[in-house]
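Following: one structure in structure tokens, then a few remarks.
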Amino acid sequence: MGSMERGAIWFCEACAAWVDLARRNAWIVIAISIGVAAALYGYTVNHLRINTDTTGMLSEDLPFRKNYLEYKRAFPNLSDTLVVVVNGTNADLAQDAARRLAERLAARTDVIDGVFYGAGDPFFRRNGLLYLSGERLSALVESLATAQPLIGTLAQDPSLRGLSEVLGLALDEIAKGAEGAERLQPALAAIADVLDDRAPGVSWSNLMGASRDGDGKRQIIVTRPRLDFTKLKPAAAAMRAVRATAAELALTPENGVTVRLTGGAALDAEELESVEHGASVASIASVVLVIVLLAIGLKSWRLAFAVTVTLVLGLLWTAGFAAVAVGELNLISVSFAVLFIGLAVDLGIYYSLRYGEAVDRGLSHGAALRDAASGCGGALTLSALASTIAFFSFLPTPYHGVAELGLIAGVGMLIALFMNLTLLPALHQVLPYPAPRVPNRPPEPDEIDNWVFRHRVPIAVIGVVIGLAGLPFLGQIKFSHDPLELKDPSRESVQTLRDLIADPQVARYTISILQPDLATADTLARRLEALPTVERAVTATRLVPGDQKEKLALIEDLAIFLGPVLGDTTAAAPPDQAARRASLVQFRDRIRNALASGQARDLAPTLERLGAGLDRLLARNGDLAPVEARLVGTLPQRIEGLRLALEAAEVRFGNLPAELRKRMLADDGRARIEVYPKERIKGNEAAVRRFVADVTAVAPNATDAPVIFLAAGEAVLGAFLDASLIALICISLLLFLLLRNAWYVFLVLLPVVLAAIITIAIVVLFDKPFNFANIIVLPLLIGIGVESGIQLVFRARHHGPGALLGTSTPRGVMFSALTTIGSFGTLAISPHQGTASLGELLTISITVKLACALIVLPAMLSLTMRSNGRQSPPGQEIRS
């Protein structure tokens, strides 16, 4: 007998002695376990936090992280923003709502450090026309010149009276045969839509040509929330302030306005809520499913209760370790509880089944507990060590988020091993498994209906063929680089951001480049714009509009014929109810006259609809002030905006708004270049790669979303391939040191390797790419999958492959896998898509591993090992 065999025997005897010590001091062990768990629970509740920052989960030593952090230090105002998106049923409602909201938020300096609403800034209200293209400005000037009579009258009397008078006069002229019916059509149709309740109000911006249909209905306010990092949700106060202010201003869907929040601060806050909710629900569902499966699998409420208590207390110990060692969970490591439940329960199942099996054979409870420890203590230890090695393989990776999970889960497996060899025997001593009246005799090999044994050759061949057929899929692994795909799609911040991304006028996927000064930035921007994948490269210099001389000339021409009618700011006294009604009656009569004249044939459908609407309105004999507000309520702001726009003056860099300059120039003089892609790159990985490759070839320090997402994905994928390789090599070496047989090592690893190949093939075939969350499945499968191979190979060496299915080990493998599936499967119900994808992929991989372990592995064992009931020398099988 060699030293290895003697060491194995000594270890098994030590396990038995340790269990016997725990059994004889059962109540002390239970009391200490509960006391420690209670103390750690209290510490965990008060000290364990969750951090939703996904970028922080990667090492700051990575080149792309260094570039981003340097950029963030130069422009802190561009990160951790709270973006307020105001949507209106028309441009006027949206613009007025956004302006009022921005003004009120700017006063909330207790929770908001800054507000940037470009469209409402006095600078842009006065000089905004200069930022239009020459073609668009010319068209606008022509449109306003045509509408000069309408604008002039309404500027003096922005009421139902003024509106009815100017449109009625125009209809009188048309009834006399004058041209211009087509110019009245938009205004008449807009009024008819309001009276028919098809629209909440008239958009005078559209009628004046200041905005096109659809333009301006979405306004964006960027705020810098005052983050309170002593709170679990640092931006919560600012978010509450925005929502409360919007409610106070009656910016509601009933009034034609919606206010939604997005941006980094809102995304982080709502993702935290999503992860917390998902983790809580998954943990509770996991415990319930595991308890049910334990009751079914162990066939004894006493065994199931003991395993459950051990599991819960072990989880509390592990959470306490996380609070002490880490203090802060991330969006990946928050799933440690479900992982612990799914893996730690396996150890309890195997030990309890061996204990019950020994009692069924007629051993006393004390002897059965010692026999179970001696028989499976080595296999349990090896299984726990293999899982620990797999988890610890995460530690050297640059993916700190998963390295943190590896540390917690790895130590958790050691805690689980300790609890199952200490607390679990003590609980079995207090609540012993009932002994049968007549001891059960284990079946002989020839008494077992072993379907796998009888079909071992075709099963082995099919297993090999499937494994070989799956190898080509290994080179087709895809990785989803966009963290947005991991978030809960039902959350307001995510839905709002997706809407913004879908809008071609809103660019999210731009690249930012930091340069030492503006002159250098301008030079580099010209080089970047020569690239085939770049639409434009914007620097602070581009904030000054071009062709100002020609544009100012057009604005001066407009001011010549609009200035006089807009210059008199003395408006007529507002009409009372009687005057409003009289003006509408007169307008209705003019519509009837125009229709009767036969000169308004092109307007006939609209005039008929408008006349019917006026008839209904007048028949109700109600207050006309609300109708006036819907028809001309937004007009004064448009008139005032137009009056300001006629005062445009030459824009120089020095008179740009400070808040705007700070978005492109840092306080230390460094300049930012914002690079826009020529292609629509959302959801198009090939386009992203082309864009990033072209830009980084010219500017290696480029950063922002496309660069970060792509580089982070490659870093994570590479890290996990390395972790998988590390785990496989370390576990293989551990198995070889203990088994001293390369073939047995191969058999132990067979279910894992085959399951990994099949899982990757399924992922590729069903187009379910890996992401930042579920990529941990690969090394994790190695750690948790090797356990079944260890149990089956060790038991087959002890009893022979023919008698293997007559023992409790296959049942333990099956129910441990089912509990693991039940535990991990609950992650799939999480609203957080990253957590859900982790649960789905783990469920698939564990299911495949179970089939490989209970079908393919026994077939291979029966082909390569002697089938007999004679026990191998003790220690050789590490007392399986």
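Residue names in the structure tokens use chain letters A, B, ... in the order shown, residue numbers from 1 in each chain, and ligand numbers from 1 in the order shown.
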**Message:** Please identify the helix (DSSP H, G or I) residues within segment 352-421 of chain A (assignment by DSSP from backbone atoms) and present them as a ChimeraX atom specification.
**Reply:** /A:352-360,365-392,400-421
**Message:** Applying 10 Å and only C-alpha atoms, which residues near Leu154 of chain A remain after dropping the ones on its own chain fewer than 6 positions away? List them as a list of chain:residue names.
**Reply:** A:Gln148, A:Leu160, A:Arg161, A:Gly162, A:Leu163, A:Ser164, A:Glu165, A:Val166, A:Val565, A:Leu566, A:Ala571, A:Ala572, A:Val632, A:Leu635, A:Pro636, A:Ile639
**Prompt:** If we count only C-alpha atoms, what is near Glu535 of chain A at a cut-off of 9 Å, once residues fewer than 3 positions away on the same chain are taken out, given as a ChimeraX atom specification?
**Reply:** /A:529-532,675-679
Give me the segment 419-533 of chain A side of the contact with segment 714-737 of chain A, cut-off 12 Å, one line per residue showing its nearest atom pair and distance in Å at one decimal, counting only C-alpha atoms, sorted by chain and residue number, as a Markdown table.
```
| residue | atom | partner | partner_atom | distance |
| --- | --- | --- | --- | --- |
| A:Leu474 | CA | A:Leu721 | CA | 11.4 |
| A:Ile477 | CA | A:Leu717 | CA | 9.8 |
| A:Lys478 | CA | A:Leu717 | CA | 9.5 |
| A:Phe479 | CA | A:Leu717 | CA | 7.5 |
| A:Ser480 | CA | A:Glu714 | CA | 10.0 |
| A:His481 | CA | A:Glu714 | CA | 8.3 |
| A:Asp482 | CA | A:Glu714 | CA | 11.8 |
```
**Request:** Name the closest residue to Ala426 of chain A among the candidates A:Val309, A:Arg795, A:Ile560, A:Arg100; distances are taken between atoms, counting only C-alpha atoms.
**Result:**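 Between A:Val309, A:Arg795, A:Ile560, A:Arg100, the residue approaching Ala426 of chain A most closely is A:Val309.
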**Message:** Using only C-alpha atoms, can you tell me which of A:Phe473, A:Phe75, A:Phe418, A:Phe770 comes closest to Gly713 of chain A?
**Reply:**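 Closest residue, counting only C-alpha atoms: A:Phe770.
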**Asked** Which is closest to Ala31 of chain A among A:Arg224, A:Ser837, A:Phe11, A:Leu423, if we use only C-alpha atoms?
**Response**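 Checking each of A:Arg224, A:Ser837, A:Phe11, A:Leu423 against Ala31 of chain A, counting only C-alpha atoms, the winner is A:Leu423.
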**Item:** Length of the atom CA of Ala600 of chain A to atom CA of Ser159 of chain A vector [Å]
**Value:**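 Straight-line distance from atom CA of Ala600 of chain A to atom CA of Ser159 of chain A works out to 25.1 Å.
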**Prompt:** DSSP on the backbone: what in segment 67-261 of chain A comes out strand (DSSP E or B), as a VMD selection string?
**Reply:** chain A and resid 82 to 88 112 to 116 218 to 225 257 to 261
**Asked** Quick one: residues within 9 Å of segment 494-502 of chain A, only C-alpha atoms counted, chain neighbours fewer than 5 positions away excluded, as a list of chain:residue names?
**Response**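 The residues that qualify are A:Val85, A:Arg260, A:Leu261, A:Thr262, A:Gly263, A:Ala266, A:Leu267, A:Glu270, A:Leu484, A:Lys487, A:Asp488, A:Pro489, A:Ala507, A:Arg508, A:Tyr509, A:Lys682.
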Selection near segment 427-430 of chain A, 8 Å with only C-alpha atoms, sequence-local residues under 2 positions removed, as an mmCIF file with C-alpha atoms, in the first residue's frame:
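Result file around-v9.cif:
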```cif
data_model
loop_
_atom_site.group_PDB
_atom_site.id
_atom_site.type_symbol
_atom_site.label_atom_id
_atom_site.label_comp_id
_atom_site.auth_asym_id
_atom_site.auth_seq_id
_atom_site.Cartn_x
_atom_site.Cartn_y
_atom_site.Cartn_z
ATOM 1 C CA ARG A 23 -22.579 13.767 16.696
ATOM 2 C CA ALA A 26 -24.848 17.671 18.702
ATOM 3 C CA TRP A 27 -26.626 20.351 20.728
ATOM 4 C CA ILE A 30 -26.262 23.329 16.661
ATOM 5 C CA ARG A 302 -36.216 14.432 8.874
ATOM 6 C CA LEU A 303 -33.436 14.207 6.291
ATOM 7 C CA ALA A 306 -31.695 18.656 8.416
ATOM 8 C CA HIS A 365 -27.446 5.725 13.859
ATOM 9 C CA GLY A 366 -24.005 6.486 15.236
ATOM 10 C CA LEU A 423 -23.787 20.602 11.533
ATOM 11 C CA LEU A 424 -25.592 18.088 9.309
ATOM 12 C CA PRO A 425 -24.468 14.996 11.308
ATOM 13 C CA PRO A 432 -32.443 10.392 13.354
ATOM 14 C CA TYR A 433 -33.536 8.659 10.199
#
```
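Using only C-alpha atoms, the shortest contact distance between Gln833 of chain A and any of A:Phe124, A:Phe772, A:Trp10, A:Phe561 is found at A:Phe772.
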Residues within 8 Å of Leu750 of chain A, only C-alpha atoms, excluding chain neighbours under 6 positions, as a short mmCIF file (atom, residue, chain, number, x, y, z; two decimals) with all heavy atoms, in the first residue's frame:
```cif
data_model
loop_
_atom_site.label_atom_id
_atom_site.label_comp_id
_atom_site.auth_asym_id
_atom_site.auth_seq_id
_atom_site.Cartn_x
_atom_site.Cartn_y
_atom_site.Cartn_z
N GLY A 789 -19.32 13.41 -11.71
CA GLY A 789 -18.34 12.45 -12.21
C GLY A 789 -17.53 11.83 -11.08
O GLY A 789 -17.25 10.63 -11.08
N CYS A 852 -25.55 13.49 -19.44
CA CYS A 852 -24.24 12.92 -19.72
C CYS A 852 -23.75 12.07 -18.54
O CYS A 852 -23.13 11.01 -18.73
CB CYS A 852 -23.23 14.03 -20.02
SG CYS A 852 -23.58 14.98 -21.51
N LEU A 857 -21.71 8.52 -19.04
CA LEU A 857 -20.64 8.11 -18.14
C LEU A 857 -20.78 6.66 -17.68
O LEU A 857 -19.81 5.89 -17.74
CB LEU A 857 -20.55 9.05 -16.95
CG LEU A 857 -19.49 8.71 -15.90
CD1 LEU A 857 -18.11 8.64 -16.54
CD2 LEU A 857 -19.50 9.73 -14.77
#
```
**Request:** For Arg588 of chain A, list every protein, DNA or RNA residue within 10 Å, evaluated using only C-alpha atoms, and leave out those in the same chain fewer than 5 positions away; present the list as JSON, numbers by chain.
**Result:** {"A": [164, 168, 582, 583, 593, 594, 607, 610, 611, 612, 613, 614, 615, 618]}
Those same residues, written as an mmCIF file, in the first residue's frame with N, CA, C and O atoms?
```
data_model
loop_
_atom_site.group_PDB
_atom_site.id
_atom_site.type_symbol
_atom_site.label_atom_id
_atom_site.label_comp_id
_atom_site.auth_asym_id
_atom_site.auth_seq_id
_atom_site.Cartn_x
_atom_site.Cartn_y
_atom_site.Cartn_z
ATOM 1 N N SER A 164 -60.313 83.727 -35.108
ATOM 2 C CA SER A 164 -61.515 83.663 -35.949
ATOM 3 C C SER A 164 -61.534 84.791 -36.970
ATOM 4 O O SER A 164 -61.937 84.597 -38.129
ATOM 5 N N GLY A 168 -61.325 84.094 -40.816
ATOM 6 C CA GLY A 168 -62.575 84.451 -41.486
ATOM 7 C C GLY A 168 -62.350 85.398 -42.643
ATOM 8 O O GLY A 168 -62.956 85.261 -43.715
ATOM 9 N N ALA A 582 -69.356 85.172 -29.926
ATOM 10 C CA ALA A 582 -69.719 85.948 -31.114
ATOM 11 C C ALA A 582 -68.707 85.742 -32.233
ATOM 12 O O ALA A 582 -69.066 85.627 -33.418
ATOM 13 N N SER A 583 -67.413 85.697 -31.881
ATOM 14 C CA SER A 583 -66.385 85.510 -32.907
ATOM 15 C C SER A 583 -66.495 84.126 -33.543
ATOM 16 O O SER A 583 -66.299 83.970 -34.754
ATOM 17 N N ASN A 593 -70.422 80.455 -45.841
ATOM 18 C CA ASN A 593 -70.399 81.293 -47.042
ATOM 19 C C ASN A 593 -69.342 80.810 -48.026
ATOM 20 O O ASN A 593 -69.567 80.789 -49.244
ATOM 21 N N ALA A 594 -68.164 80.433 -47.495
ATOM 22 C CA ALA A 594 -67.093 79.950 -48.373
ATOM 23 C C ALA A 594 -67.508 78.668 -49.071
ATOM 24 O O ALA A 594 -67.244 78.480 -50.274
ATOM 25 N N LEU A 607 -63.319 72.224 -44.308
ATOM 26 C CA LEU A 607 -64.276 73.225 -43.842
ATOM 27 C C LEU A 607 -65.545 72.576 -43.297
ATOM 28 O O LEU A 607 -66.120 73.044 -42.305
ATOM 29 N N LEU A 610 -64.642 71.293 -39.900
ATOM 30 C CA LEU A 610 -64.469 72.409 -38.984
ATOM 31 C C LEU A 610 -65.822 73.024 -38.621
ATOM 32 O O LEU A 610 -66.087 73.345 -37.449
ATOM 33 N N GLY A 611 -66.710 73.177 -39.619
ATOM 34 C CA GLY A 611 -68.029 73.737 -39.348
ATOM 35 C C GLY A 611 -68.832 72.855 -38.406
ATOM 36 O O GLY A 611 -69.509 73.367 -37.490
ATOM 37 N N ALA A 612 -68.741 71.538 -38.594
ATOM 38 C CA ALA A 612 -69.461 70.619 -37.701
ATOM 39 C C ALA A 612 -68.916 70.714 -36.283
ATOM 40 O O ALA A 612 -69.673 70.663 -35.302
ATOM 41 N N GLY A 613 -67.609 70.864 -36.174
ATOM 42 C CA GLY A 613 -67.005 70.983 -34.851
ATOM 43 C C GLY A 613 -67.451 72.249 -34.144
ATOM 44 O O GLY A 613 -67.730 72.252 -32.936
ATOM 45 N N LEU A 614 -67.537 73.355 -34.898
ATOM 46 C CA LEU A 614 -68.005 74.609 -34.306
ATOM 47 C C LEU A 614 -69.465 74.513 -33.894
ATOM 48 O O LEU A 614 -69.877 75.057 -32.855
ATOM 49 N N ASP A 615 -70.275 73.813 -34.701
ATOM 50 C CA ASP A 615 -71.675 73.632 -34.346
ATOM 51 C C ASP A 615 -71.805 72.897 -33.013
ATOM 52 O O ASP A 615 -72.610 73.281 -32.154
ATOM 53 N N LEU A 618 -70.663 75.247 -30.119
ATOM 54 C CA LEU A 618 -71.614 76.304 -29.793
ATOM 55 C C LEU A 618 -72.901 75.745 -29.193
ATOM 56 O O LEU A 618 -73.528 76.384 -28.339
#
```
**Message:** To one decimal place in Å, what is the distance between atom CA of Leu646 of chain A and atom CA of Asn127 of chain A?
**Reply:** 8.5 Å
